[in-house]
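Structure data (PDB, C-alpha atoms) from structure-v3.pdb:
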MODEL        1
ATOM      1  CA  MET R  19      68.344 -42.302 295.099
ATOM      2  CA  SER R  20      66.259 -39.230 294.883
ATOM      3  CA  ALA R  21      64.101 -40.470 292.064
ATOM      4  CA  ALA R  22      61.224 -41.903 294.060
ATOM      5  CA  PRO R  23      58.764 -39.176 294.918
ATOM      6  CA  SER R  24      57.110 -39.589 298.289
ATOM      7  CA  ALA R  25      53.440 -38.792 298.403
ATOM      8  CA  ALA R  26      51.476 -38.568 301.636
ATOM      9  CA  PRO R  27      52.988 -36.592 304.488
ATOM     10  CA  SER R  28      51.212 -38.643 307.132
ATOM     11  CA  ALA R  29      52.824 -41.845 308.275
ATOM     12  CA  ALA R  30      49.578 -43.749 307.935
ATOM     13  CA  ALA R  31      49.664 -44.634 304.270
ATOM     14  CA  VAL R  32      52.786 -43.538 302.486
ATOM     15  CA  GLU R  33      52.520 -44.475 298.875
ATOM     16  CA  VAL R  34      55.603 -44.345 296.741
ATOM     17  CA  VAL R  35      55.159 -44.377 293.014
ATOM     18  CA  LEU R  36      58.052 -46.004 291.227
ATOM     19  CA  ALA R  37      58.693 -45.967 287.527
ATOM     20  CA  GLU R  38      59.994 -49.078 285.828
ATOM     21  CA  SER R  39      62.781 -46.957 284.405
ATOM     22  CA  VAL R  40      64.006 -46.231 287.936
ATOM     23  CA  VAL R  41      64.175 -49.927 288.716
ATOM     24  CA  ALA R  42      65.945 -50.561 285.420
ATOM     25  CA  ALA R  43      68.471 -47.797 286.047
ATOM     26  CA  VAL R  44      69.355 -49.114 289.499
ATOM     27  CA  ALA R  45      69.652 -52.670 288.161
ATOM     28  CA  ALA R  46      71.848 -51.585 285.237
ATOM     29  CA  HIS R  47      74.051 -49.496 287.520
ATOM     30  CA  THR R  48      74.493 -52.399 289.943
ATOM     31  CA  ALA R  49      75.112 -54.990 287.233
ATOM     32  CA  ARG R  50      77.694 -52.810 285.518
ATOM     33  CA  ARG R  51      79.707 -52.590 288.747
ATOM     34  CA  THR R  52      79.736 -56.313 289.466
ATOM     35  CA  PRO R  53      83.247 -57.764 289.031
ATOM     36  CA  GLY R  54      83.584 -59.666 285.767
ATOM     37  CA  VAL R  55      80.845 -57.713 283.976
ATOM     38  CA  LEU R  56      82.182 -55.901 280.943
ATOM     39  CA  ARG R  57      79.052 -54.033 279.967
ATOM     40  CA  VAL R  58      75.295 -54.190 279.964
ATOM     41  CA  GLU R  59      74.210 -55.137 276.454
ATOM     42  CA  THR R  60      71.677 -52.581 275.390
ATOM     43  CA  GLY R  61      70.684 -53.823 271.980
ATOM     44  CA  LEU R  62      69.076 -51.363 269.612
ATOM     45  CA  GLY R  63      66.198 -50.480 271.880
ATOM     46  CA  GLY R  64      68.556 -49.174 274.530
ATOM     47  CA  LEU R  65      70.773 -47.465 272.015
ATOM     48  CA  VAL R  66      67.910 -45.591 270.407
ATOM     49  CA  GLN R  67      66.706 -44.569 273.832
ATOM     50  CA  ARG R  68      70.127 -43.181 274.748
ATOM     51  CA  LEU R  69      70.442 -41.329 271.460
ATOM     52  CA  ALA R  70      67.050 -39.793 271.979
ATOM     53  CA  VAL R  71      68.040 -38.671 275.455
ATOM     54  CA  ARG R  72      71.239 -37.188 274.116
ATOM     55  CA  ALA R  73      69.418 -35.426 271.298
ATOM     56  CA  ARG R  74      66.915 -33.928 273.681
ATOM     57  CA  HIS R  75      69.742 -32.549 275.746
ATOM     58  CA  GLU R  76      71.459 -31.029 272.770
ATOM     59  CA  VAL R  77      68.246 -29.368 271.690
ATOM     60  CA  ARG R  78      67.583 -28.017 275.148
ATOM     61  CA  ALA R  79      70.898 -26.252 275.516
ATOM     62  CA  ASP R  80      69.904 -24.798 278.846
ATOM     63  CA  SER R  81      69.676 -28.163 280.532
ATOM     64  CA  ASP R  82      72.641 -29.418 282.488
ATOM     65  CA  ASP R  83      73.903 -32.904 283.130
ATOM     66  CA  GLU R  84      72.289 -33.047 286.527
ATOM     67  CA  ASP R  85      68.884 -33.952 285.210
ATOM     68  CA  ARG R  86      70.085 -36.323 282.530
ATOM     69  CA  PRO R  87      67.857 -39.398 282.727
ATOM     70  CA  ALA R  88      69.643 -42.496 283.969
ATOM     71  CA  ASP R  89      70.839 -45.146 281.607
ATOM     72  CA  THR R  90      68.408 -48.055 281.558
ATOM     73  CA  GLY R  91      69.319 -49.870 278.349
ATOM     74  CA  GLY R  92      69.949 -53.606 278.560
ATOM     75  CA  VAL R  93      67.514 -54.154 281.406
ATOM     76  CA  ASP R  94      63.867 -55.145 281.042
ATOM     77  CA  VAL R  95      61.611 -54.537 284.015
ATOM     78  CA  GLU R  96      58.090 -55.587 284.821
ATOM     79  CA  LEU R  97      56.858 -53.912 287.956
ATOM     80  CA  VAL R  98      53.670 -54.815 289.795
ATOM     81  CA  GLY R  99      53.238 -52.971 293.073
ATOM     82  CA  ASP R 100      56.387 -53.599 295.063
ATOM     83  CA  GLU R 101      57.306 -56.735 293.150
ATOM     84  CA  ALA R 102      59.602 -56.684 290.156
ATOM     85  CA  ASP R 103      60.692 -59.079 287.444
ATOM     86  CA  VAL R 104      64.003 -57.909 286.055
ATOM     87  CA  HIS R 105      65.933 -59.225 283.050
ATOM     88  CA  VAL R 106      69.543 -58.114 282.660
ATOM     89  CA  PHE R 107      71.513 -58.619 279.419
ATOM     90  CA  LEU R 108      75.271 -58.709 279.881
ATOM     91  CA  ALA R 109      78.661 -59.079 278.293
ATOM     92  CA  VAL R 110      81.245 -60.621 280.619
ATOM     93  CA  GLN R 111      85.016 -60.635 280.565
ATOM     94  CA  ALA R 112      86.848 -63.755 279.505
ATOM     95  CA  GLY R 113      88.391 -65.614 282.388
ATOM     96  CA  VAL R 114      85.609 -65.125 284.901
ATOM     97  CA  PRO R 115      83.354 -68.123 285.563
ATOM     98  CA  VAL R 116      80.224 -67.136 283.667
ATOM     99  CA  THR R 117      77.594 -68.810 285.833
ATOM    100  CA  ALA R 118      79.124 -67.594 289.102
ATOM    101  CA  CYS R 119      79.360 -64.062 287.735
ATOM    102  CA  ALA R 120      75.692 -64.147 286.680
ATOM    103  CA  HIS R 121      74.664 -65.365 290.138
ATOM    104  CA  GLU R 122      76.637 -62.532 291.732
ATOM    105  CA  VAL R 123      74.843 -60.035 289.478
ATOM    106  CA  GLN R 124      71.521 -61.499 290.615
ATOM    107  CA  ARG R 125      72.457 -61.206 294.297
ATOM    108  CA  ARG R 126      73.649 -57.625 293.978
ATOM    109  CA  VAL R 127      70.701 -56.464 291.900
ATOM    110  CA  VAL R 128      68.229 -58.025 294.333
ATOM    111  CA  GLU R 129      70.087 -56.476 297.254
ATOM    112  CA  SER R 130      70.149 -52.975 295.784
ATOM    113  CA  LEU R 131      66.525 -53.100 294.638
ATOM    114  CA  ARG R 132      65.439 -54.162 298.099
ATOM    115  CA  THR R 133      67.528 -51.698 300.083
ATOM    116  CA  ASP R 134      67.788 -48.689 297.750
ATOM    117  CA  VAL R 135      64.410 -48.901 296.053
ATOM    118  CA  GLY R 136      62.415 -50.734 298.707
ATOM    119  CA  LEU R 137      60.957 -53.475 296.579
ATOM    120  CA  ARG R 138      59.626 -56.438 298.477
ATOM    121  CA  ARG R 139      60.056 -59.247 295.980
ATOM    122  CA  VAL R 140      62.567 -59.199 293.151
ATOM    123  CA  ARG R 141      63.306 -61.833 290.554
ATOM    124  CA  VAL R 142      66.319 -61.333 288.340
ATOM    125  CA  ALA R 143      66.962 -63.267 285.143
ATOM    126  CA  VAL R 144      70.402 -62.878 283.588
ATOM    127  CA  SER R 145      71.285 -63.485 279.939
ATOM    128  CA  VAL R 146      74.943 -63.444 278.981
ATOM    129  CA  LEU R 147      75.088 -62.295 275.361
ATOM    130  CA  ASP R 148      78.825 -62.015 274.925
ATOM    131  CA  VAL R 149      82.085 -63.227 276.417
ATOM    132  CA  ALA R 150      84.853 -60.789 275.538
ATOM    133  CA  LEU R 151      87.709 -62.723 274.018
ATOM    134  CA  GLY R 152      90.429 -60.142 273.919
ATOM    135  CA  ALA R 153      93.784 -59.521 275.498
ATOM    136  CA  VAL R 154      92.747 -61.223 278.688
ATOM    137  CA  SER R 155      91.580 -64.448 277.090
ATOM    138  CA  ALA R 156      94.746 -66.290 278.105
ATOM    139  CA  ASP R 157      93.177 -66.285 281.557
ATOM    140  CA  LEU R 158      90.449 -68.449 280.168
ATOM    141  CA  LEU R 159      92.672 -71.449 279.678
ATOM    142  CA  GLY R 160      95.359 -71.432 282.324
ATOM    143  CA  PRO R 161      97.790 -74.342 282.560
ATOM    144  CA  GLY R 162      96.285 -77.268 280.696
ATOM    145  CA  GLY R 163      93.099 -75.310 280.155
ATOM    146  CA  ARG R 164      91.770 -75.983 283.634
ATOM    147  CA  SER R 165      91.746 -72.594 285.221
TER     148      SER R 165
ATOM    149  CA  MET O   3      76.380 -43.178 256.751
ATOM    150  CA  ALA O   4      79.687 -43.946 255.115
ATOM    151  CA  LEU O   5      81.605 -46.920 256.349
ATOM    152  CA  SER O   6      85.122 -46.632 255.101
ATOM    153  CA  SER O   7      86.792 -49.395 257.020
ATOM    154  CA  ARG O   8      86.425 -53.041 257.827
ATOM    155  CA  ILE O   9      88.233 -52.590 261.118
ATOM    156  CA  GLY O  10      86.042 -53.530 264.018
ATOM    157  CA  ALA O  11      83.591 -55.289 261.717
ATOM    158  CA  HIS O  12      80.760 -57.063 263.458
ATOM    159  CA  VAL O  13      80.326 -60.589 262.213
ATOM    160  CA  LEU O  14      77.029 -62.420 262.390
ATOM    161  CA  PRO O  15      76.913 -66.171 263.143
ATOM    162  CA  CYS O  16      76.476 -66.863 259.422
ATOM    163  CA  GLY O  17      79.701 -65.032 258.567
ATOM    164  CA  ARG O  18      78.150 -61.926 257.070
ATOM    165  CA  HIS O  19      79.094 -58.499 258.415
ATOM    166  CA  VAL O  20      76.504 -56.192 259.891
ATOM    167  CA  GLU O  21      78.268 -53.390 258.045
ATOM    168  CA  ASP O  22      77.556 -55.088 254.697
ATOM    169  CA  LEU O  23      73.885 -55.388 255.546
ATOM    170  CA  TRP O  24      73.796 -51.722 256.416
ATOM    171  CA  ASP O  25      75.373 -50.866 253.078
ATOM    172  CA  THR O  26      72.829 -52.894 251.123
ATOM    173  CA  MET O  27      69.775 -51.551 252.906
ATOM    174  CA  GLY O  28      67.301 -50.190 250.427
ATOM    175  CA  SER O  29      68.207 -52.639 247.700
ATOM    176  CA  ALA O  30      66.759 -56.105 247.289
ATOM    177  CA  PRO O  31      68.269 -58.709 249.666
ATOM    178  CA  ASP O  32      70.317 -61.431 247.998
ATOM    179  CA  ALA O  33      69.499 -65.143 248.207
ATOM    180  CA  HIS O  34      71.600 -65.689 251.317
ATOM    181  CA  VAL O  35      69.984 -62.855 253.236
ATOM    182  CA  GLN O  36      66.506 -64.015 252.276
ATOM    183  CA  GLY O  37      67.103 -67.463 253.725
ATOM    184  CA  CYS O  38      69.274 -66.521 256.696
ATOM    185  CA  PRO O  39      67.581 -65.923 260.066
ATOM    186  CA  HIS O  40      70.603 -64.028 261.433
ATOM    187  CA  CYS O  41      70.752 -61.618 258.516
ATOM    188  CA  ARG O  42      67.016 -61.090 258.559
ATOM    189  CA  THR O  43      67.014 -60.361 262.299
ATOM    190  CA  ALA O  44      69.864 -57.919 261.855
ATOM    191  CA  LEU O  45      68.163 -56.240 258.892
ATOM    192  CA  ALA O  46      64.921 -55.865 260.813
ATOM    193  CA  SER O  47      66.858 -54.271 263.674
ATOM    194  CA  LEU O  48      68.617 -51.874 261.339
ATOM    195  CA  ALA O  49      65.344 -50.918 259.673
ATOM    196  CA  ALA O  50      63.815 -50.224 263.087
ATOM    197  CA  LEU O  51      66.815 -48.130 263.994
ATOM    198  CA  ALA O  52      66.673 -46.122 260.791
ATOM    199  CA  GLU O  53      63.017 -45.412 261.426
ATOM    200  CA  ALA O  54      63.509 -44.516 265.082
ATOM    201  CA  THR O  55      66.437 -42.195 264.526
ATOM    202  CA  ARG O  56      65.081 -40.409 261.481
ATOM    203  CA  ALA O  57      63.339 -37.805 263.573
ATOM    204  CA  VAL O  58      66.463 -37.242 265.635
ATOM    205  CA  TYR O  59      68.709 -36.716 262.660
ATOM    206  CA  ASP O  60      66.291 -34.662 260.624
ATOM    207  CA  ASP O  61      67.410 -31.906 262.926
ATOM    208  CA  GLU O  62      70.662 -30.801 261.370
ATOM    209  CA  SER O  63      71.810 -29.044 264.497
ATOM    210  CA  LEU O  64      72.502 -32.428 266.048
ATOM    211  CA  THR O  65      75.845 -34.122 265.575
ATOM    212  CA  PRO O  66      75.960 -37.854 266.071
ATOM    213  CA  PRO O  67      78.610 -39.014 268.556
ATOM    214  CA  PRO O  68      81.777 -40.216 266.806
ATOM    215  CA  THR O  69      81.466 -43.768 268.118
ATOM    216  CA  LEU O  70      77.915 -44.066 266.835
ATOM    217  CA  THR O  71      78.535 -46.534 264.015
ATOM    218  CA  SER O  72      80.409 -48.941 266.185
ATOM    219  CA  ARG O  73      77.755 -48.713 268.855
ATOM    220  CA  ILE O  74      75.000 -49.390 266.346
ATOM    221  CA  MET O  75      76.829 -52.440 265.022
ATOM    222  CA  ALA O  76      77.447 -53.781 268.531
ATOM    223  CA  ALA O  77      73.802 -53.242 269.386
ATOM    224  CA  VAL O  78      72.612 -55.067 266.274
ATOM    225  CA  ARG O  79      74.892 -57.964 267.085
ATOM    226  CA  ALA O  80      73.578 -58.036 270.650
ATOM    227  CA  ASP O  81      70.033 -58.222 269.269
ATOM    228  CA  VAL O  82      70.962 -61.148 267.059
ATOM    229  CA  ARG O  83      72.593 -62.879 270.003
ATOM    230  CA  ARG O  84      69.424 -62.680 272.001
ATOM    231  CA  THR O  85      67.630 -65.050 269.700
ATOM    232  CA  SER O  86      69.087 -68.416 270.736
ATOM    233  CA  ARG O  87      70.217 -69.007 274.287
ATOM    234  CA  LEU O  88      71.251 -71.998 276.372
ATOM    235  CA  PRO O  89      70.219 -72.371 280.014
ATOM    236  CA  LEU O  90      72.887 -72.320 282.737
ATOM    237  CA  ALA O  91      72.403 -73.221 286.389
ATOM    238  CA  ALA O  92      69.722 -70.953 287.846
ATOM    239  CA  GLY O  93      70.661 -68.771 290.792
ATOM    240  CA  GLU O  94      68.735 -68.259 293.984
ATOM    241  CA  HIS O  95      66.978 -65.253 292.466
ATOM    242  CA  GLY O  96      66.184 -66.394 288.957
ATOM    243  CA  PRO O  97      67.260 -68.131 285.761
ATOM    244  CA  VAL O  98      70.530 -67.628 283.903
ATOM    245  CA  ASP O  99      71.222 -68.298 280.249
ATOM    246  CA  ILE O 100      73.920 -67.583 277.702
ATOM    247  CA  SER O 101      73.901 -66.820 273.998
ATOM    248  CA  GLU O 102      74.705 -69.830 271.843
ATOM    249  CA  GLN O 103      76.969 -67.684 269.687
ATOM    250  CA  ALA O 104      78.933 -66.512 272.716
ATOM    251  CA  VAL O 105      79.508 -70.112 273.831
ATOM    252  CA  ALA O 106      80.552 -71.163 270.333
ATOM    253  CA  ALA O 107      83.105 -68.343 270.201
ATOM    254  CA  VAL O 108      84.561 -69.349 273.571
ATOM    255  CA  LEU O 109      84.787 -73.024 272.597
ATOM    256  CA  ARG O 110      86.405 -72.205 269.249
ATOM    257  CA  PHE O 111      88.929 -70.139 271.154
ATOM    258  CA  ALA O 112      89.608 -73.075 273.490
ATOM    259  CA  ALA O 113      90.189 -75.423 270.549
ATOM    260  CA  ASP O 114      92.444 -72.866 268.846
ATOM    261  CA  SER O 115      94.646 -72.809 271.922
ATOM    262  CA  VAL O 116      95.727 -76.397 271.306
ATOM    263  CA  ASP O 117      99.041 -76.425 269.485
ATOM    264  CA  GLY O 118      98.669 -77.272 265.806
ATOM    265  CA  VAL O 119      94.889 -76.870 265.785
ATOM    266  CA  ARG O 120      92.677 -74.307 264.095
ATOM    267  CA  ALA O 121      89.029 -74.272 265.027
ATOM    268  CA  ARG O 122      86.451 -73.983 262.298
ATOM    269  CA  ARG O 123      82.758 -74.426 262.955
ATOM    270  CA  CYS O 124      81.239 -74.948 266.373
ATOM    271  CA  ARG O 125      77.591 -75.882 266.746
ATOM    272  CA  LEU O 126      75.687 -76.537 269.937
ATOM    273  CA  HIS O 127      72.692 -78.781 270.342
ATOM    274  CA  ARG O 128      70.514 -78.581 273.377
ATOM    275  CA  LEU O 129      69.322 -81.944 274.640
ATOM    276  CA  GLU O 130      66.066 -82.609 276.443
ATOM    277  CA  ASP O 131      67.726 -83.015 279.856
ATOM    278  CA  GLY O 132      69.204 -79.514 279.593
ATOM    279  CA  SER O 133      72.709 -80.620 278.708
ATOM    280  CA  VAL O 134      74.472 -79.688 275.502
ATOM    281  CA  ARG O 135      76.121 -81.575 272.664
ATOM    282  CA  VAL O 136      78.995 -79.858 270.925
ATOM    283  CA  ASP O 137      79.867 -80.389 267.252
ATOM    284  CA  LEU O 138      83.256 -78.959 266.486
ATOM    285  CA  SER O 139      85.227 -79.088 263.298
ATOM    286  CA  ILE O 140      88.940 -78.379 263.233
ATOM    287  CA  SER O 141      91.901 -78.436 260.921
ATOM    288  CA  VAL O 142      95.192 -79.822 262.254
ATOM    289  CA  ARG O 143      98.837 -79.389 261.385
ATOM    290  CA  PHE O 144     100.232 -82.437 259.660
ATOM    291  CA  SER O 145     102.941 -83.843 261.917
ATOM    292  CA  GLY O 146     104.076 -87.083 263.541
ATOM    293  CA  GLY O 147     101.114 -87.243 265.905
ATOM    294  CA  THR O 148      97.867 -88.852 264.908
ATOM    295  CA  SER O 149      94.810 -86.751 264.500
ATOM    296  CA  VAL O 150      92.987 -89.089 266.880
ATOM    297  CA  ALA O 151      95.291 -88.007 269.724
ATOM    298  CA  THR O 152      94.882 -84.365 268.721
ATOM    299  CA  GLY O 153      91.130 -84.802 268.721
ATOM    300  CA  ASP O 154      91.282 -86.125 272.275
ATOM    301  CA  VAL O 155      93.339 -83.140 273.457
ATOM    302  CA  VAL O 156      90.877 -80.741 271.813
ATOM    303  CA  ARG O 157      87.928 -82.562 273.331
ATOM    304  CA  ASP O 158      89.451 -82.354 276.842
ATOM    305  CA  ARG O 159      90.274 -78.675 276.459
ATOM    306  CA  VAL O 160      86.852 -77.770 275.112
ATOM    307  CA  ARG O 161      85.104 -79.773 277.804
ATOM    308  CA  ALA O 162      87.172 -78.112 280.542
ATOM    309  CA  VAL O 163      86.346 -74.615 279.304
ATOM    310  CA  ALA O 164      82.659 -75.374 278.704
ATOM    311  CA  THR O 165      82.298 -76.889 282.173
ATOM    312  CA  ALA O 166      84.591 -74.823 284.391
ATOM    313  CA  HIS O 167      84.439 -71.475 282.639
ATOM    314  CA  VAL O 168      80.956 -71.295 281.181
ATOM    315  CA  GLY O 169      79.208 -73.727 283.519
ATOM    316  CA  LEU O 170      77.481 -75.782 280.844
ATOM    317  CA  GLU O 171      76.630 -79.410 281.334
ATOM    318  CA  VAL O 172      78.249 -81.138 278.371
ATOM    319  CA  ALA O 173      76.747 -84.426 277.233
ATOM    320  CA  GLY O 174      79.356 -85.012 274.550
ATOM    321  CA  ILE O 175      81.750 -83.412 272.127
ATOM    322  CA  ASP O 176      82.164 -84.529 268.538
ATOM    323  CA  VAL O 177      85.390 -83.368 266.989
ATOM    324  CA  GLU O 178      85.627 -83.662 263.247
ATOM    325  CA  VAL O 179      89.000 -83.188 261.610
ATOM    326  CA  GLU O 180      88.100 -81.521 258.337
ATOM    327  CA  ASP O 181      91.501 -80.746 257.015
ATOM    328  CA  VAL O 182      95.239 -80.950 257.639
ATOM    329  CA  TRP O 183      97.854 -78.417 256.800
ATOM    330  CA  ASP O 184     101.603 -78.574 256.509
ATOM    331  CA  ASP O 185     104.048 -76.139 258.096
ATOM    332  CA  GLU O 186     106.015 -76.135 254.850
ATOM    333  CA  THR O 187     103.247 -74.474 252.905
TER     334      THR O 187
ENDMDL
END
How does this structure look as structure tokens?
Amino acid sequence: MSAAPSAAPSAAAVEVVLAESVVAAVAAHTARRTPGVLRVETGLGGLVQRLAVRARHEVRADSDDEDRPADTGGVDVELVGDEADVHVFLAVQAGVPVTACAHEVQRRVVESLRTDVGLRRVRVAVSVLDVALGAVSADLLGPGGRS
Amino acid sequence: MALSSRIGAHVLPCGRHVEDLWDTMGSAPDAHVQGCPHCRTALASLAALAEATRAVYDDESLTPPPTLTSRIMAAVRADVRRTSRLPLAAGEHGPVDISEQAVAAVLRFAADSVDGVRARRCRLHRLEDGSVRVDLSISVRFSGGTSVATGDVVRDRVRAVATAHVGLEVAGIDVEVEDVWDDET
């Protein structure tokens, strides 16, 4: 994480200014890597945001991928001081226990926001918007449907 | 934006396709769309998208990514799915819920997995104590077995998936056999 600019050089009162988009990007990144999570569901807001980012990069041909803003779609953040309320919208794979997977996402997001971003109090709500019923859905049932 | 194919169509809970709504934007909505909350939510999302992306695409030097249509449709469907959600067990760090439409799809899939059964509608009703009642309608293959026994198998299967897989507290499951079919036909 290099996104948080540090302010005062003295150790007395170091104030770090965090943008909500930084918190959202870390949360989305963490959620996406939790086992059982298929994708973070951006909805149109997130999609439009990503398209706008992409368009800006195509216009500014000189820019490289290094400074591409992080992907924050599918995560709502309300940040007050060093306390954050985070809402993650997910699609999960069929076959994973949905509630347990959501709890794992909450644990990991809280952990990464505390250690990587330095937030003191984090609440994470999870909404599962889709369960992917595809090739793996046989896992859902198991013998006698009691997997 | 031309949509030449129905492959990968995104279906709303009411059965309409997001793609069809996109095609009819700009003309007057039909009677179904006017009365349907899912269609109206999807239409509002599409209108917002059209507005928001106009500036981007007025610049002809920009090429939209090839997967754009599919991503738009998935995003619209995700927006629709946000509207009605059922609570699951909260974690240590906050609440958890799941889209009603996602649960219905999973439970229909569970019912479909029973031999000789095709799932039709699945509706969920949230009770005051936080548990859920499931209304499921099915059609069954006409065979020696009684539909009562089939209904019991479906009910067990659906309950197992709703409880163990999703983590819902299920107060009851009503299975209605709407129709039978014959292998001969």
Next item on the list: Name the residues captured by the ChimeraX specification (/R :<8) & /O when it is applied to the shown file; answer as a ChimeraX atom specification.
Entry: /O:47,51,54-55,58,64,73-74,76-81,83-84,87,90-101,103-105,108,112,159,162-163,166-169
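Atom pair atom CA of O:Val156 / atom CA of O:Glu102 has a distance of 19.5 Å (rounded to one decimal).
Proximity ranking of O:Thr152, O:Thr71, O:Ser115, O:Thr85 relative to O:Glu21 places O:Thr71 first, based on only C-alpha atoms.
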How would you write, as a PDB file with C-alpha atoms, keeping the file's coordinate frame, the residues chosen by the PyMOL selection byres ((chain O and resi 14) around 10) on this structure?
ATOM      1  CA  ALA O  11      83.591 -55.289 261.717  1.00  0.00           C
ATOM      2  CA  HIS O  12      80.760 -57.063 263.458  1.00  0.00           C
ATOM      3  CA  VAL O  13      80.326 -60.589 262.213  1.00  0.00           C
ATOM      4  CA  PRO O  15      76.913 -66.171 263.143  1.00  0.00           C
ATOM      5  CA  CYS O  16      76.476 -66.863 259.422  1.00  0.00           C
ATOM      6  CA  GLY O  17      79.701 -65.032 258.567  1.00  0.00           C
ATOM      7  CA  ARG O  18      78.150 -61.926 257.070  1.00  0.00           C
ATOM      8  CA  HIS O  19      79.094 -58.499 258.415  1.00  0.00           C
ATOM      9  CA  VAL O  20      76.504 -56.192 259.891  1.00  0.00           C
ATOM     10  CA  HIS O  40      70.603 -64.028 261.433  1.00  0.00           C
ATOM     11  CA  CYS O  41      70.752 -61.618 258.516  1.00  0.00           C
ATOM     12  CA  ALA O  44      69.864 -57.919 261.855  1.00  0.00           C
ATOM     13  CA  VAL O  78      72.612 -55.067 266.274  1.00  0.00           C
ATOM     14  CA  ARG O  79      74.892 -57.964 267.085  1.00  0.00           C
ATOM     15  CA  ALA O  80      73.578 -58.036 270.650  1.00  0.00           C
ATOM     16  CA  VAL O  82      70.962 -61.148 267.059  1.00  0.00           C
ATOM     17  CA  ARG O  83      72.593 -62.879 270.003  1.00  0.00           C
ATOM     18  CA  GLN O 103      76.969 -67.684 269.687  1.00  0.00           C
TER      19      GLN O 103
END
Note to self: Selection in question (the file shown): the PyMOL selection byres ((chain O and resi 171) around 6). Which residues does it include, as a ChimeraX atom specification?
What the structure shows: /O:133,170,172
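When atom CA of O:Ser86 is paired with atom CA of O:Ser141, their separation reads 26.8 Å.
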Next item on the list: Find the distance between atom CA of O:Ala107 and atom CA of O:Val160 and write it in Å to one decimal.
Entry: 11.3 Å
Margin query: Taking 3 positions as the minimum chain separation for residues in the same chain, which residues sit within 9 Å of R:Ala46 when counting only C-alpha atoms? Answer as a PyMOL selection string.
Written below: chain R and resi 41-43+49-51+58+89-93+106+127
Using C-alpha atoms, can you export the residues from the last selection as a CSV table (one decimal), keeping the file's coordinate frame?
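Everything below was put into result-v7.csv:
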chain,number,residue,atom,x,y,z
R,41,VAL,CA,64.2,-49.9,288.7
R,42,ALA,CA,65.9,-50.6,285.4
R,43,ALA,CA,68.5,-47.8,286.0
R,49,ALA,CA,75.1,-55.0,287.2
R,50,ARG,CA,77.7,-52.8,285.5
R,51,ARG,CA,79.7,-52.6,288.7
R,58,VAL,CA,75.3,-54.2,280.0
R,89,ASP,CA,70.8,-45.1,281.6
R,90,THR,CA,68.4,-48.1,281.6
R,91,GLY,CA,69.3,-49.9,278.3
R,92,GLY,CA,69.9,-53.6,278.6
R,93,VAL,CA,67.5,-54.2,281.4
R,106,VAL,CA,69.5,-58.1,282.7
R,127,VAL,CA,70.7,-56.5,291.9
Check: Which residue out of O:Leu23, O:Arg143, O:Asp114, O:Ser29 has the minimum interatomic distance to O:Arg42 when all atoms listed in the file are used?
Finding: O:Leu23
Calculate, to one decimal in Å, the centre and edge lengths of the box along x, y and z of the file that holds all listed atoms of stretch 107-112 of chain R with 6 Å of margin on each side, and present them as JSON.
{"center_x": 79.2, "center_y": -61.2, "center_z": 279.5, "size_x": 27.3, "size_y": 17.1, "size_z": 14.3}
